[in-house]
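*Asks:* Just dropping this structure here.
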Amino acid sequence: MDTPAVKTTPKDFFLWAGAMISLYGSVIALITLLFNYINYAFPDPLRYTSDPYSGGMSYQMASLIILVPLFLVLMRTIRASIAADSSRAEVWIRRWALYLTVFVAGATVVVDLIVLLTTFLNGESITTAFLLKVLVVLLVAGGGLLHFLADLRGYWNRNQNRAMTVNWGVGVVVLAAIVSGFFIVGTPQDARMFRLDQQRVNDLSMIQGQIVYFYQQKEELPQNLTELQDPLVGFIVPTDPQTEQPYEYSTSGNLTFQLCATFSRESAATGPGSKPYAVESYAPYGGYADENWNHQGGRTCFERTIDPEKFPPIKARI
């Protein structure tokens, strides 16, 4: 229990509570963000390329931008308080916060090494991505363990200048992690262009499915996209999500048609280690058709030919 000389004040409690919450949030966001970078740099061949800013990456970057400066400011305030009144180093909230953090960091390092050793002993393939993730956890948790062990021994209170240097170093590392992401996965504007292109592909796939359905119903291709409008089933021909202009459609035979759109960027799936960008388009009464939608930046056209055996007209089935 605290003696009257070191009684925990509300200021002590909320400063340490805020510091620990911002610390844990920052660490989780940093590790998760670095994992996302690793996944992007070393893609899993079993996964299709997706928006790199999906899956919470933007949230992780925002968390670091807010929480890391908050943690550094709170810790600087705490150390200034201890420097002015050394009894503040003995309050129970400080001891609990430091010991808990040391325990969590130490346990994380142990678990990280156990996972690495278990994977090796099981004879599983140890990929570059796996090793990098293990290294990230080891460095972040190990650095936290050493830092707060030193804090428990009063090292940073006796060396305020070095504590300030560490604060600046942490800020630089986090800033580098955020900025480097723009070179690895592109800017948020690139992500927006990716999502717009993804929507265009989805729109074209849906239009294609309706064209096949139209053919199965009437045994001919529509002359234009307006013929696909069907209030009864609620189908409205989509337009470009950015310009709101209609997509291009033309026929070049009884069974062949062409769909065109203007894309913002080259298809991500054409990059190294990526899989073809395939969309499963639905053709009512006729099953599914996997089509490749890889594209270049700018105007791109996709020519499709309906296979009557795969998508027979409905009358021919009766």
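As shown in the structure tokens, the chain order sets the letters A, B, ...; within each chain, residues go from 1, and ligands are also counted from 1 in the order they appear.
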Name all residues at most 12 Å from Trp156 (chain A) (count only C-alpha atoms; drop same-chain ones fewer than 2 positions away) and give them as a PyMOL selection string.
*Replies:* chain A and resi 75-76+78-80+82-83+89+146-154+158-167
*Asks:* Now that the selection is made, can you save its residues with C-alpha atoms as a PDB file, in the first residue's frame?
*Replies:*
```pdb
ATOM      1  CA  MET A  75       5.355  10.005 -20.733  1.00  0.00           C
ATOM      2  CA  ARG A  76       7.193  13.315 -20.926  1.00  0.00           C
ATOM      3  CA  ILE A  78       5.002  11.871 -16.176  1.00  0.00           C
ATOM      4  CA  ARG A  79       8.795  12.113 -16.145  1.00  0.00           C
ATOM      5  CA  ALA A  80       8.646  15.864 -15.588  1.00  0.00           C
ATOM      6  CA  ILE A  82       8.740  12.653 -11.186  1.00  0.00           C
ATOM      7  CA  ALA A  83      11.676  15.011 -11.716  1.00  0.00           C
ATOM      8  CA  ALA A  89       7.953   7.320  -8.894  1.00  0.00           C
ATOM      9  CA  LEU A 146      14.197  -3.525 -22.366  1.00  0.00           C
ATOM     10  CA  HIS A 147      12.772  -0.002 -22.229  1.00  0.00           C
ATOM     11  CA  PHE A 148      10.399  -0.630 -19.338  1.00  0.00           C
ATOM     12  CA  LEU A 149      12.891  -2.757 -17.411  1.00  0.00           C
ATOM     13  CA  ALA A 150      15.167   0.281 -17.517  1.00  0.00           C
ATOM     14  CA  ASP A 151      12.246   2.454 -16.409  1.00  0.00           C
ATOM     15  CA  LEU A 152      11.633   0.213 -13.389  1.00  0.00           C
ATOM     16  CA  ARG A 153      15.228   0.772 -12.332  1.00  0.00           C
ATOM     17  CA  GLY A 154      14.873   4.535 -12.687  1.00  0.00           C
ATOM     18  CA  ARG A 158      18.319   9.725 -14.105  1.00  0.00           C
ATOM     19  CA  ASN A 159      19.017  10.261 -17.807  1.00  0.00           C
ATOM     20  CA  GLN A 160      16.388  12.675 -19.065  1.00  0.00           C
ATOM     21  CA  ASN A 161      18.368  13.559 -22.177  1.00  0.00           C
ATOM     22  CA  ARG A 162      18.593   9.917 -23.237  1.00  0.00           C
ATOM     23  CA  ALA A 163      14.880   9.486 -22.575  1.00  0.00           C
ATOM     24  CA  MET A 164      14.220  12.414 -24.911  1.00  0.00           C
ATOM     25  CA  THR A 165      16.484  10.824 -27.539  1.00  0.00           C
ATOM     26  CA  VAL A 166      14.519   7.562 -27.286  1.00  0.00           C
ATOM     27  CA  ASN A 167      11.254   9.493 -27.669  1.00  0.00           C
TER      28      ASN A 167
END
```
*Asks:* Which polymer residues have any atom within 8 Å of an atom of Ile93 (chain A), counting only C-alpha atoms, with same-chain residues fewer than 4 positions away left out, as a VMD selection string?
*Replies:* chain A and resid 8 12 to 13 16 97
*Asks:* Among region 78-276 of chain A, which residues carry a DSSP assignment of helix (DSSP H, G or I), reported as a VMD selection string?
*Replies:* chain A and resid 78 to 84 86 to 90 92 to 121 128 to 152 155 to 158 160 to 184 188 to 218 225 to 228 268 to 270
*Asks:* Write out as a list in words the set of residues from region 48-274 of chain A that DSSP, computed on the backbone, places in strand (DSSP E).
*Replies:*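 DSSP-assigned strand (DSSP E) residues in region 48-274 of chain A: Glu248, Tyr249, Ser250, Thr251, Thr256, Phe257, Gln258, Leu259, Cys260, Ala261, Thr262 and Phe263 of chain A.
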*Asks:* Fewer than 5 positions away in the same chain doesn't count, so skip those; otherwise give me all residues within 8 Å of region 194-198 of chain A, counting only C-alpha atoms, as a list in words.
*Replies:*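 The contact residues come out as Asp51, Pro241, Gln242, Phe263, Ser264 and Arg265 of chain A.
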*Asks:* Okay, now the selection with C-alpha atoms, as a PDB file, in the first residue's frame?
*Replies:*
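Below is the file that was written, again.pdb:
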```
ATOM      1  CA  ASP A  51      -7.224  -3.216 -51.979  1.00  0.00           C
ATOM      2  CA  PRO A 241     -18.829   5.162 -60.692  1.00  0.00           C
ATOM      3  CA  GLN A 242     -16.593   8.192 -61.297  1.00  0.00           C
ATOM      4  CA  PHE A 263      -9.901   2.383 -66.025  1.00  0.00           C
ATOM      5  CA  SER A 264      -7.878   4.605 -63.721  1.00  0.00           C
ATOM      6  CA  ARG A 265      -4.936   2.265 -63.251  1.00  0.00           C
TER       7      ARG A 265
END
```
*Asks:* Find the spatial neighbours of Asn224 (chain A), counting only C-alpha atoms, within a cut-off of 9 Å - ignore same-chain residues fewer than 6 positions away - and output them as a PDB file with N, CA and C atoms, in the first residue's frame.
*Replies:*
```
ATOM      1  N   TYR A 249     -20.885  -0.694 -75.235  1.00  0.00           N
ATOM      2  CA  TYR A 249     -21.326  -2.042 -75.607  1.00  0.00           C
ATOM      3  C   TYR A 249     -21.521  -2.087 -77.114  1.00  0.00           C
ATOM      4  N   SER A 250     -21.069  -3.183 -77.721  1.00  0.00           N
ATOM      5  CA  SER A 250     -21.281  -3.369 -79.151  1.00  0.00           C
ATOM      6  C   SER A 250     -21.285  -4.860 -79.451  1.00  0.00           C
ATOM      7  N   THR A 251     -21.872  -5.218 -80.580  1.00  0.00           N
ATOM      8  CA  THR A 251     -21.896  -6.614 -81.012  1.00  0.00           C
ATOM      9  C   THR A 251     -21.084  -6.744 -82.294  1.00  0.00           C
TER      10      THR A 251
END
```
*Asks:* Which of these residues is nearest to Ser26 (chain A), using only C-alpha atoms: A:Val134, A:Leu70, A:Leu259, A:Leu116?
*Replies:*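 So, comparing all the options, the nearest one is A:Leu70.
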*Asks:* With only C-alpha atoms as the atoms that count, which of A:Val137, A:Leu232, A:Leu23, A:Ile207 lies nearest to Pro246 (chain A)?
*Replies:*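 Distance minimum relative to Pro246 (chain A) lands on A:Ile207.
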